[in-house]
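Student: Input: one structure, supplied below.
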Amino acid sequence: MATIYHDDAADLALIRTKKVAIIGYGSQGHAHALNLKDSGVNVKVGLHEFSPSRARAQAAGLSVTTVAEAARWADVVMVLAPDTSQPEIYAQHIRPHLSAGKTLMFAHGFNIRFGTIASPPDVDVSLIAPKAPGHRVREVFVEGGGTPALLAIHQDSSGKARALALSYAKALGATRAGVIETTFAEETETDLFGEQAVLCGGVSELVKAGFETLVQAGYQPEIAYFECLHELKLIVDLMYRGGLNYMRYSVSDTAEHGDYTGGPRVITEQTRATMRQMLREIQDGTYAKQWIAENRSGREWFEARRASEQEQVLERVGAQLRGMMKFLQPVEVKQKATAVPA
C-alpha cells in the first residue's frame, strides 16, 4: 500500500525558514507562488527579462526577478518551466547558483528521470507534483481545501529532504488532501503513460473516431458533437466523484449494458498490446529521446499537427455550439507555433 502523508506529518515552520524561488509563472507556477506566499513563505518568482508573465506576477503582489538572481538568492529552487525548456534554463541560470545545502525541486520528474538535468551531489533533489492543473491547485487552496500531490526524493544530501518537501507540500495545501510517496521514475513513467494512452491521446482519438463515424454515416455533425464530446463531461464527473461504479449506478440500464458490451469491442487485446508497447517506449527512454529531438530540431511535425488539429470539423462545430451555451463560459484557443531553445 502507498505511504500517504497528511497535515500532521508535515511541519510548516521548516519551509517558512527558507527562501523559495519559483521558476516560471504558468499553470503550476502561479499556484505554487501564491499558495506559498499565503502560507507565510518568503517567495520570489524567477522569469526571463521579457516574460509576458512578469506583469501578472507583480500584479498579484509577488516579488519578481531574473531566474539567475532568484536561484542565487534562494535556499529552495522549484523549477516549473516547461519540460523542454528546463535543461537550458537549468544549465545557464540555475546550476551556477546551486551551492551546497540548497534544495532543487520539481513538479514533474521528466528531466531527472531521463538525465537531461544532472544535479550536484551536495544538494537535495525532491519532487512535489500536484495531481491537478494549477488553476485548481489555487482555487481549492483559496476555498480552504487542497489537491492531492505526489512526493519523491531523488537525492537526500542533507538527510532532511523528505521533511522539507512535506513542509513545502503543506504550504501548497497538498497535505490537506494527502501526499503519496513515489519515485521520480514512477511519477514520470505513469504520468507520460496516462497522458498518452488515456487522458489526452486515448480520449482525444476516441472522441474523434466516434464523431467521424457518425458524420460519415450521414448523421448531423451537431448531434454527433453532443453524443461524442459534450456529454463526456457528465460521465467523467460521475467517475470523478464515485468511480466506475457510481457512473454505472447513475446512468440508465441501457447505457450500463452498452458499457459492458461496447467497451471490450473498442478496447481490444490489440489495443492493450499497443498500450504495453507505449509503456515500454516510455520506460526505455524511446519516447523521451523522440520528444527531445523534436524540440531540438524546431518542432516542425508537432507544430504542423497542432495547426491541423485546431482546424478539424469537430472543433469548428464545437465552437459554434459552445457559443450558444453561455453558461459554459466557453473559450476559444488558437495556439501559435512556440519557439523552443535548441
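Following the order of the C-alpha cells, first chain is A, next is B, and so on, with residues numbered from 1 inside each chain and ligands from 1 in the order they appear.
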Phe114 in chain A: which residues within 12 Å, counting only C-alpha atoms, same-chain residues fewer than 4 positions away excluded, as a list in words?
Tutor: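 Residues near the query, excluding close chain neighbours: Asp83, Thr84, Pro87, His108, Gly109, Phe110, Ala118, Phe184, Ala185, Thr188, Glu189, Ile282, Gln283, Asp284, Gly285, Thr286, Tyr287, Ala288, Lys289, Gln290, Trp291 and Ile292 of chain A.
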Student: Residues at most 6 Å from Val123 in chain A, counting only C-alpha atoms, excluding those fewer than 3 positions away in the same chain, as a PyMOL selection string?
Tutor: chain A and resi 100-103+157
Student: So which bits of range 98-271 of chain A end up strand (DSSP E or B) when you DSSP the backbone, as a ChimeraX atom specification?
Tutor: /A:103-106,124-130,149-155,179-181
Student: Pick from A:Ala149, A:Ser167, A:Leu279, A:Glu181: nearest to Thr3 in chain A, with only C-alpha atoms counted?
Tutor: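 The shortest atom-to-atom distance to Thr3 in chain A comes from A:Glu181.
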Student: May I have the residues within 8 Å of Val64 in chain A as a PyMOL selection string, using only C-alpha atoms and disregarding those fewer than 5 positions away in the same chain?
Tutor: chain A and resi 44-47+54+57-58
Student: When you draw a straight line from CA of Pro120 in chain A to CA of Gly173 in chain A, how long is it in Å?
Tutor: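 Computed distance, CA of Pro120 in chain A to CA of Gly173 in chain A, equals 29.3 Å.
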Student: Please report as a Markdown table every residue of range 130-208 of chain A lying within 12 Å of range 307-312 of chain A, along with the nearest atom pair and their distance in Å (one decimal), using only C-alpha atoms.
Tutor:
```
| residue | atom | partner | partner_atom | distance |
| --- | --- | --- | --- | --- |
| A:Ser204 | CA | A:Glu309 | CA | 10.5 |
| A:Glu205 | CA | A:Glu309 | CA | 11.1 |
| A:Lys208 | CA | A:Gln312 | CA | 9.5 |
```
Student: Can you check which residues of range 25-259 of chain A DSSP gives as alpha helix (DSSP H) on the backbone and send them as a short mmCIF file (atom, residue, chain, number, x, y, z; two decimals) with N, CA, C and O atoms, in the first residue's frame?
Tutor:
```
data_model
loop_
_atom_site.label_atom_id
_atom_site.label_comp_id
_atom_site.auth_asym_id
_atom_site.auth_seq_id
_atom_site.Cartn_x
_atom_site.Cartn_y
_atom_site.Cartn_z
N SER A 27 0.77 27.63 -15.44
CA SER A 27 -0.31 26.95 -14.74
C SER A 27 0.08 26.57 -13.31
O SER A 27 -0.58 26.95 -12.35
N GLN A 28 1.17 25.83 -13.16
CA GLN A 28 1.60 25.43 -11.82
C GLN A 28 2.34 26.56 -11.11
O GLN A 28 2.18 26.75 -9.90
N GLY A 29 3.15 27.32 -11.83
CA GLY A 29 3.97 28.35 -11.20
C GLY A 29 3.17 29.37 -10.42
O GLY A 29 3.52 29.70 -9.28
N HIS A 30 2.07 29.85 -11.00
CA HIS A 30 1.31 30.87 -10.29
C HIS A 30 0.67 30.29 -9.04
O HIS A 30 0.60 30.95 -7.99
N ALA A 31 0.21 29.02 -9.12
CA ALA A 31 -0.44 28.40 -7.96
C ALA A 31 0.56 28.17 -6.83
O ALA A 31 0.28 28.46 -5.65
N HIS A 32 1.74 27.66 -7.16
CA HIS A 32 2.76 27.42 -6.13
C HIS A 32 3.16 28.74 -5.47
O HIS A 32 3.23 28.83 -4.23
N ALA A 33 3.45 29.74 -6.29
CA ALA A 33 3.93 31.01 -5.74
C ALA A 33 2.89 31.64 -4.82
O ALA A 33 3.21 32.07 -3.70
N LEU A 34 1.64 31.68 -5.25
CA LEU A 34 0.60 32.35 -4.46
C LEU A 34 0.23 31.54 -3.22
O LEU A 34 0.03 32.11 -2.14
N ASN A 35 0.13 30.22 -3.35
CA ASN A 35 -0.21 29.41 -2.18
C ASN A 35 0.88 29.49 -1.13
O ASN A 35 0.59 29.61 0.07
N LEU A 36 2.14 29.41 -1.55
CA LEU A 36 3.24 29.52 -0.59
C LEU A 36 3.26 30.88 0.07
O LEU A 36 3.46 31.00 1.29
N LYS A 37 3.06 31.93 -0.72
CA LYS A 37 3.03 33.28 -0.17
C LYS A 37 1.94 33.40 0.89
O LYS A 37 2.17 33.95 1.98
N ASP A 38 0.75 32.88 0.58
CA ASP A 38 -0.36 32.94 1.53
C ASP A 38 -0.10 32.10 2.78
O ASP A 38 -0.72 32.33 3.83
N ARG A 54 5.54 38.37 -16.31
CA ARG A 54 6.13 39.24 -15.29
C ARG A 54 5.10 40.21 -14.70
O ARG A 54 4.98 40.35 -13.48
N ALA A 55 4.32 40.86 -15.54
CA ALA A 55 3.34 41.84 -15.07
C ALA A 55 2.26 41.16 -14.23
O ALA A 55 1.80 41.72 -13.21
N ARG A 56 1.82 39.97 -14.63
CA ARG A 56 0.79 39.25 -13.87
C ARG A 56 1.28 38.89 -12.47
O ARG A 56 0.55 39.02 -11.48
N ALA A 57 2.51 38.42 -12.39
CA ALA A 57 3.06 38.04 -11.09
C ALA A 57 3.21 39.26 -10.18
O ALA A 57 2.89 39.20 -8.99
N GLN A 58 3.67 40.35 -10.74
CA GLN A 58 3.82 41.57 -9.94
C GLN A 58 2.46 42.10 -9.50
O GLN A 58 2.31 42.56 -8.36
N ALA A 59 1.47 42.01 -10.39
CA ALA A 59 0.13 42.47 -10.04
C ALA A 59 -0.48 41.64 -8.92
O ALA A 59 -1.33 42.14 -8.16
N VAL A 67 15.78 34.66 -13.44
CA VAL A 67 15.94 33.28 -12.96
C VAL A 67 17.26 33.14 -12.22
O VAL A 67 17.31 32.54 -11.14
N ALA A 68 18.32 33.69 -12.77
CA ALA A 68 19.63 33.57 -12.13
C ALA A 68 19.64 34.23 -10.76
O ALA A 68 20.16 33.67 -9.78
N GLU A 69 19.08 35.42 -10.65
CA GLU A 69 19.04 36.12 -9.37
C GLU A 69 18.18 35.36 -8.36
O GLU A 69 18.54 35.25 -7.18
N ALA A 70 17.06 34.82 -8.81
CA ALA A 70 16.20 34.05 -7.91
C ALA A 70 16.92 32.81 -7.41
O ALA A 70 16.84 32.47 -6.22
N ALA A 71 17.63 32.11 -8.30
CA ALA A 71 18.35 30.91 -7.90
C ALA A 71 19.49 31.23 -6.95
O ALA A 71 19.78 30.47 -6.01
N ARG A 72 20.17 32.36 -7.20
CA ARG A 72 21.27 32.77 -6.30
C ARG A 72 20.74 33.10 -4.91
O ARG A 72 21.33 32.73 -3.89
N TRP A 73 19.61 33.79 -4.85
CA TRP A 73 19.01 34.23 -3.59
C TRP A 73 18.42 33.09 -2.78
O TRP A 73 18.48 33.09 -1.55
N GLN A 86 13.45 23.34 -19.54
CA GLN A 86 14.16 23.23 -18.28
C GLN A 86 15.67 22.99 -18.40
O GLN A 86 16.45 23.63 -17.68
N PRO A 87 16.13 22.09 -19.28
CA PRO A 87 17.58 21.83 -19.31
C PRO A 87 18.41 23.08 -19.59
O PRO A 87 19.44 23.31 -18.93
N GLU A 88 18.00 23.90 -20.56
CA GLU A 88 18.76 25.11 -20.87
C GLU A 88 18.67 26.13 -19.73
O GLU A 88 19.67 26.74 -19.35
N ILE A 89 17.48 26.31 -19.19
CA ILE A 89 17.30 27.24 -18.07
C ILE A 89 18.18 26.80 -16.89
O ILE A 89 18.86 27.61 -16.25
N PHE A 110 10.48 14.43 -15.34
CA PHE A 110 10.96 14.13 -16.68
C PHE A 110 12.47 14.31 -16.84
O PHE A 110 13.18 13.40 -17.28
N ASN A 111 12.97 15.47 -16.49
CA ASN A 111 14.38 15.77 -16.79
C ASN A 111 15.36 15.06 -15.87
O ASN A 111 16.48 14.74 -16.28
N ILE A 112 14.95 14.76 -14.66
CA ILE A 112 15.78 13.95 -13.78
C ILE A 112 15.73 12.50 -14.24
O ILE A 112 16.76 11.81 -14.34
N ARG A 113 14.55 11.99 -14.54
CA ARG A 113 14.39 10.60 -14.96
C ARG A 113 15.19 10.28 -16.21
O ARG A 113 15.82 9.22 -16.33
N GLY A 134 -2.89 23.71 -12.41
CA GLY A 134 -2.56 24.77 -11.49
C GLY A 134 -3.73 25.61 -11.03
O GLY A 134 -3.80 26.01 -9.87
N HIS A 135 -4.67 25.89 -11.94
CA HIS A 135 -5.80 26.74 -11.52
C HIS A 135 -6.62 26.07 -10.44
O HIS A 135 -7.15 26.73 -9.55
N ARG A 136 -6.71 24.71 -10.47
CA ARG A 136 -7.45 24.00 -9.42
C ARG A 136 -6.65 23.97 -8.12
O ARG A 136 -7.22 24.07 -7.02
N VAL A 137 -5.32 23.84 -8.23
CA VAL A 137 -4.47 23.89 -7.04
C VAL A 137 -4.70 25.19 -6.30
O VAL A 137 -4.83 25.22 -5.07
N ARG A 138 -4.82 26.28 -7.04
CA ARG A 138 -5.03 27.59 -6.43
C ARG A 138 -6.46 27.74 -5.92
O ARG A 138 -6.69 28.18 -4.79
N GLU A 139 -7.45 27.38 -6.75
CA GLU A 139 -8.85 27.57 -6.37
C GLU A 139 -9.21 26.77 -5.11
O GLU A 139 -9.85 27.29 -4.19
N VAL A 140 -8.80 25.52 -5.08
CA VAL A 140 -9.14 24.68 -3.93
C VAL A 140 -8.44 25.17 -2.66
O VAL A 140 -9.01 25.16 -1.57
N PHE A 141 -7.22 25.65 -2.80
CA PHE A 141 -6.49 26.21 -1.65
C PHE A 141 -7.22 27.43 -1.09
O PHE A 141 -7.41 27.56 0.12
N VAL A 142 -7.66 28.33 -1.97
CA VAL A 142 -8.37 29.53 -1.54
C VAL A 142 -9.67 29.17 -0.84
O VAL A 142 -10.10 29.84 0.12
N ALA A 161 15.63 15.93 3.35
CA ALA A 161 14.92 16.28 2.12
C ALA A 161 13.43 15.97 2.22
O ALA A 161 12.60 16.76 1.76
N ARG A 162 13.09 14.83 2.82
CA ARG A 162 11.67 14.46 2.89
C ARG A 162 10.89 15.42 3.78
O ARG A 162 9.78 15.85 3.44
N ALA A 163 11.46 15.76 4.92
CA ALA A 163 10.78 16.67 5.85
C ALA A 163 10.54 18.03 5.20
O ALA A 163 9.46 18.62 5.35
N LEU A 164 11.53 18.54 4.46
CA LEU A 164 11.36 19.85 3.82
C LEU A 164 10.35 19.76 2.66
O LEU A 164 9.53 20.67 2.48
N ALA A 165 10.39 18.67 1.91
CA ALA A 165 9.42 18.51 0.83
C ALA A 165 8.00 18.44 1.37
O ALA A 165 7.07 19.02 0.79
N LEU A 166 7.80 17.75 2.48
CA LEU A 166 6.47 17.69 3.09
C LEU A 166 6.03 19.06 3.60
O LEU A 166 4.85 19.42 3.51
N SER A 167 6.98 19.83 4.12
CA SER A 167 6.66 21.17 4.58
C SER A 167 6.23 22.04 3.40
O SER A 167 5.25 22.81 3.49
N TYR A 168 6.93 21.90 2.27
CA TYR A 168 6.55 22.62 1.05
C TYR A 168 5.15 22.20 0.62
O TYR A 168 4.31 23.04 0.27
N ALA A 169 4.88 20.90 0.66
CA ALA A 169 3.57 20.40 0.27
C ALA A 169 2.46 20.94 1.16
O ALA A 169 1.36 21.24 0.70
N LYS A 170 2.77 21.10 2.44
CA LYS A 170 1.77 21.66 3.36
C LYS A 170 1.49 23.12 3.03
O LYS A 170 0.33 23.56 3.04
N ALA A 171 2.54 23.87 2.71
CA ALA A 171 2.35 25.27 2.32
C ALA A 171 1.54 25.38 1.03
O ALA A 171 0.79 26.34 0.82
N LEU A 172 1.67 24.39 0.17
CA LEU A 172 0.92 24.36 -1.09
C LEU A 172 -0.53 23.96 -0.87
O LEU A 172 -1.38 24.21 -1.74
N PHE A 184 10.89 9.33 -8.61
CA PHE A 184 10.93 10.14 -9.83
C PHE A 184 10.57 9.28 -11.04
O PHE A 184 9.85 9.73 -11.94
N ALA A 185 11.08 8.04 -11.08
CA ALA A 185 10.80 7.17 -12.22
C ALA A 185 9.31 6.82 -12.30
O ALA A 185 8.70 6.90 -13.38
N GLU A 186 8.72 6.43 -11.18
CA GLU A 186 7.31 6.05 -11.20
C GLU A 186 6.42 7.23 -11.57
O GLU A 186 5.48 7.09 -12.38
N GLU A 187 6.68 8.40 -11.00
CA GLU A 187 5.87 9.58 -11.32
C GLU A 187 5.96 9.91 -12.79
O GLU A 187 4.95 10.14 -13.46
N THR A 188 7.17 9.90 -13.33
CA THR A 188 7.36 10.29 -14.73
C THR A 188 6.74 9.28 -15.68
O THR A 188 6.01 9.65 -16.62
N GLU A 189 7.01 8.01 -15.46
CA GLU A 189 6.55 6.98 -16.39
C GLU A 189 5.03 6.83 -16.38
O GLU A 189 4.40 6.71 -17.43
N THR A 190 4.42 6.86 -15.19
CA THR A 190 2.96 6.74 -15.12
C THR A 190 2.29 8.00 -15.67
O THR A 190 1.23 7.92 -16.31
N ASP A 191 2.89 9.16 -15.43
CA ASP A 191 2.31 10.41 -15.93
C ASP A 191 2.32 10.43 -17.46
O ASP A 191 1.30 10.75 -18.09
N LEU A 192 3.44 10.08 -18.06
CA LEU A 192 3.53 10.06 -19.52
C LEU A 192 2.57 9.02 -20.10
O LEU A 192 1.90 9.28 -21.11
N PHE A 193 2.51 7.86 -19.48
CA PHE A 193 1.61 6.82 -19.98
C PHE A 193 0.15 7.27 -19.89
O PHE A 193 -0.62 7.10 -20.83
N GLY A 201 -4.20 11.44 -25.30
CA GLY A 201 -4.18 10.70 -26.56
C GLY A 201 -5.35 9.75 -26.72
O GLY A 201 -6.03 9.76 -27.76
N GLY A 202 -5.60 8.92 -25.73
CA GLY A 202 -6.68 7.94 -25.83
C GLY A 202 -8.04 8.59 -25.97
O GLY A 202 -8.82 8.25 -26.87
N VAL A 203 -8.35 9.52 -25.08
CA VAL A 203 -9.67 10.16 -25.10
C VAL A 203 -9.86 10.99 -26.38
O VAL A 203 -10.92 10.94 -27.00
N SER A 204 -8.84 11.74 -26.77
CA SER A 204 -8.96 12.58 -27.97
C SER A 204 -9.28 11.75 -29.21
O SER A 204 -10.16 12.07 -30.00
N GLU A 205 -8.53 10.65 -29.38
CA GLU A 205 -8.75 9.81 -30.55
C GLU A 205 -10.10 9.11 -30.50
O GLU A 205 -10.76 8.91 -31.53
N LEU A 206 -10.54 8.71 -29.30
CA LEU A 206 -11.84 8.06 -29.17
C LEU A 206 -12.96 9.03 -29.53
O LEU A 206 -13.90 8.67 -30.25
N VAL A 207 -12.85 10.27 -29.05
CA VAL A 207 -13.85 11.29 -29.37
C VAL A 207 -13.88 11.55 -30.88
O VAL A 207 -14.95 11.57 -31.51
N LYS A 208 -12.72 11.72 -31.48
CA LYS A 208 -12.65 12.00 -32.92
C LYS A 208 -13.19 10.82 -33.74
O LYS A 208 -13.93 11.01 -34.71
N ALA A 209 -12.84 9.61 -33.34
CA ALA A 209 -13.29 8.43 -34.09
C ALA A 209 -14.80 8.27 -34.00
O ALA A 209 -15.46 7.95 -35.00
N GLY A 210 -15.37 8.49 -32.82
CA GLY A 210 -16.81 8.40 -32.68
C GLY A 210 -17.53 9.45 -33.49
O GLY A 210 -18.52 9.17 -34.18
N PHE A 211 -17.03 10.70 -33.41
CA PHE A 211 -17.63 11.81 -34.17
C PHE A 211 -17.58 11.51 -35.67
O PHE A 211 -18.58 11.65 -36.38
N GLU A 212 -16.42 11.10 -36.17
CA GLU A 212 -16.26 10.84 -37.59
C GLU A 212 -17.12 9.67 -38.06
O GLU A 212 -17.68 9.71 -39.17
N THR A 213 -17.27 8.65 -37.23
CA THR A 213 -18.11 7.50 -37.59
C THR A 213 -19.55 7.94 -37.82
O THR A 213 -20.20 7.54 -38.80
N LEU A 214 -20.08 8.75 -36.91
CA LEU A 214 -21.46 9.21 -37.04
C LEU A 214 -21.64 10.14 -38.24
O LEU A 214 -22.60 10.02 -39.01
N VAL A 215 -20.71 11.09 -38.41
CA VAL A 215 -20.84 12.05 -39.51
C VAL A 215 -20.73 11.34 -40.86
O VAL A 215 -21.50 11.60 -41.79
N GLN A 216 -19.79 10.42 -40.97
CA GLN A 216 -19.62 9.69 -42.23
C GLN A 216 -20.82 8.80 -42.54
O GLN A 216 -21.08 8.48 -43.71
N PRO A 221 -23.50 16.71 -37.86
CA PRO A 221 -22.31 16.94 -37.03
C PRO A 221 -22.64 17.48 -35.65
O PRO A 221 -21.97 17.15 -34.67
N GLU A 222 -23.69 18.32 -35.57
CA GLU A 222 -24.06 18.90 -34.28
C GLU A 222 -24.52 17.82 -33.30
O GLU A 222 -24.18 17.85 -32.11
N ILE A 223 -25.30 16.85 -33.81
CA ILE A 223 -25.76 15.75 -32.95
C ILE A 223 -24.57 14.88 -32.55
O ILE A 223 -24.45 14.46 -31.39
N ALA A 224 -23.68 14.62 -33.50
CA ALA A 224 -22.51 13.81 -33.22
C ALA A 224 -21.63 14.47 -32.15
O ALA A 224 -21.06 13.79 -31.29
N TYR A 225 -21.51 15.79 -32.23
CA TYR A 225 -20.71 16.52 -31.24
C TYR A 225 -21.25 16.30 -29.83
O TYR A 225 -20.50 16.00 -28.90
N LEU A 232 -19.42 13.83 -22.63
CA LEU A 232 -18.31 13.15 -21.95
C LEU A 232 -18.07 13.72 -20.56
O LEU A 232 -17.75 12.98 -19.61
N LYS A 233 -18.22 15.03 -20.42
CA LYS A 233 -18.02 15.65 -19.11
C LYS A 233 -18.97 15.09 -18.06
O LYS A 233 -18.58 14.89 -16.90
N LEU A 234 -20.21 14.84 -18.45
CA LEU A 234 -21.19 14.31 -17.50
C LEU A 234 -20.74 12.95 -16.97
O LEU A 234 -20.86 12.67 -15.77
N ILE A 235 -20.22 12.12 -17.86
CA ILE A 235 -19.76 10.79 -17.46
C ILE A 235 -18.50 10.88 -16.60
O ILE A 235 -18.39 10.22 -15.56
N VAL A 236 -17.56 11.72 -17.01
CA VAL A 236 -16.30 11.84 -16.26
C VAL A 236 -16.55 12.42 -14.87
O VAL A 236 -15.93 12.00 -13.89
N ASP A 237 -17.46 13.38 -14.76
CA ASP A 237 -17.78 13.93 -13.45
C ASP A 237 -18.31 12.87 -12.50
O ASP A 237 -18.00 12.88 -11.31
N LEU A 238 -19.12 11.95 -13.02
CA LEU A 238 -19.63 10.85 -12.18
C LEU A 238 -18.49 9.94 -11.75
O LEU A 238 -18.41 9.53 -10.58
N MET A 239 -17.60 9.61 -12.66
CA MET A 239 -16.43 8.79 -12.32
C MET A 239 -15.56 9.49 -11.27
O MET A 239 -15.05 8.86 -10.34
N TYR A 240 -15.38 10.79 -11.46
CA TYR A 240 -14.53 11.60 -10.59
C TYR A 240 -15.02 11.54 -9.15
O TYR A 240 -14.24 11.46 -8.20
N ARG A 241 -16.35 11.53 -8.99
CA ARG A 241 -16.93 11.53 -7.65
C ARG A 241 -17.01 10.14 -7.03
O ARG A 241 -16.83 9.98 -5.82
N GLY A 242 -17.28 9.12 -7.85
CA GLY A 242 -17.52 7.81 -7.25
C GLY A 242 -17.01 6.62 -8.03
O GLY A 242 -17.47 5.49 -7.76
N GLY A 243 -16.09 6.85 -8.95
CA GLY A 243 -15.54 5.74 -9.71
C GLY A 243 -16.49 5.19 -10.75
O GLY A 243 -17.57 5.74 -11.00
N LEU A 244 -16.09 4.10 -11.37
CA LEU A 244 -16.92 3.48 -12.40
C LEU A 244 -18.25 3.01 -11.84
O LEU A 244 -19.28 3.08 -12.52
N ASN A 245 -18.26 2.52 -10.60
CA ASN A 245 -19.50 2.02 -10.02
C ASN A 245 -20.56 3.11 -9.91
O ASN A 245 -21.74 2.89 -10.20
N TYR A 246 -20.15 4.31 -9.48
CA TYR A 246 -21.12 5.39 -9.33
C TYR A 246 -21.63 5.86 -10.70
O TYR A 246 -22.80 6.18 -10.86
N MET A 247 -20.72 5.88 -11.68
CA MET A 247 -21.16 6.25 -13.03
C MET A 247 -22.21 5.26 -13.52
O MET A 247 -23.27 5.66 -14.03
N ARG A 248 -21.94 3.99 -13.36
CA ARG A 248 -22.88 2.97 -13.85
C ARG A 248 -24.20 2.98 -13.06
O ARG A 248 -25.26 2.70 -13.61
N TYR A 249 -24.11 3.32 -11.78
CA TYR A 249 -25.31 3.46 -10.96
C TYR A 249 -26.17 4.63 -11.44
O TYR A 249 -27.40 4.58 -11.39
N SER A 250 -25.53 5.68 -11.94
CA SER A 250 -26.22 6.92 -12.27
C SER A 250 -26.82 6.95 -13.66
O SER A 250 -27.75 7.71 -13.92
N ASP A 253 -30.01 1.77 -17.40
CA ASP A 253 -29.61 0.38 -17.58
C ASP A 253 -29.15 0.12 -19.01
O ASP A 253 -28.23 -0.68 -19.24
N THR A 254 -29.76 0.81 -19.96
CA THR A 254 -29.35 0.65 -21.35
C THR A 254 -27.93 1.15 -21.56
O THR A 254 -27.11 0.49 -22.22
N ALA A 255 -27.61 2.31 -20.95
CA ALA A 255 -26.25 2.84 -21.06
C ALA A 255 -25.26 1.92 -20.37
O ALA A 255 -24.15 1.68 -20.88
N GLU A 256 -25.63 1.38 -19.22
CA GLU A 256 -24.74 0.47 -18.49
C GLU A 256 -24.51 -0.80 -19.31
O GLU A 256 -23.38 -1.31 -19.39
N HIS A 257 -25.58 -1.32 -19.94
CA HIS A 257 -25.43 -2.50 -20.79
C HIS A 257 -24.49 -2.21 -21.95
O HIS A 257 -23.62 -3.03 -22.30
N GLY A 258 -24.63 -1.02 -22.54
CA GLY A 258 -23.74 -0.63 -23.63
C GLY A 258 -22.29 -0.50 -23.18
O GLY A 258 -21.37 -0.77 -23.96
N ASP A 259 -22.10 -0.09 -21.94
CA ASP A 259 -20.76 -0.03 -21.35
C ASP A 259 -20.12 -1.42 -21.38
O ASP A 259 -19.00 -1.60 -21.88
#
```
Student: Between A:Val79, A:Ile153, A:Ala107, A:Ile15, which has the minimum distance to Arg95 in chain A (counting only C-alpha atoms)?
Tutor: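 Ranking A:Val79, A:Ile153, A:Ala107, A:Ile15 by distance to Arg95 in chain A, first place goes to A:Val79.
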Student: Which polymer residues have any atom within 12 Å of an atom of range 322-326 of chain A, counting only C-alpha atoms, with same-chain residues fewer than 6 positions away left out, as a list of chain:residue names?
Tutor: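 Contacts, in chain order: A:Glu222, A:Tyr225, A:Phe226, A:Leu229, A:His230, A:Leu314, A:Glu315, A:Arg316, A:Glu332.
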Student: If I take CA of Met78 in chain A and CA of Gly145 in chain A, how far is one from the other in Å, to one decimal?
Tutor: 22.1 Å
Student: Can you measure CA of His6 in chain A to CA of Ala177 in chain A for me? One decimal in Å is fine.
Tutor: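 Separating CA of His6 in chain A from CA of Ala177 in chain A is a distance of 6.9 Å.
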Student: Go through A:His93, A:Val76, A:Val251, A:Ala197 one by one, measure the shortest atom-to-atom distance of each to Ala21 in chain A using only C-alpha atoms, and give the residue with the smallest value.
Tutor: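 Result for the nearest residue to Ala21 in chain A: A:Val76.
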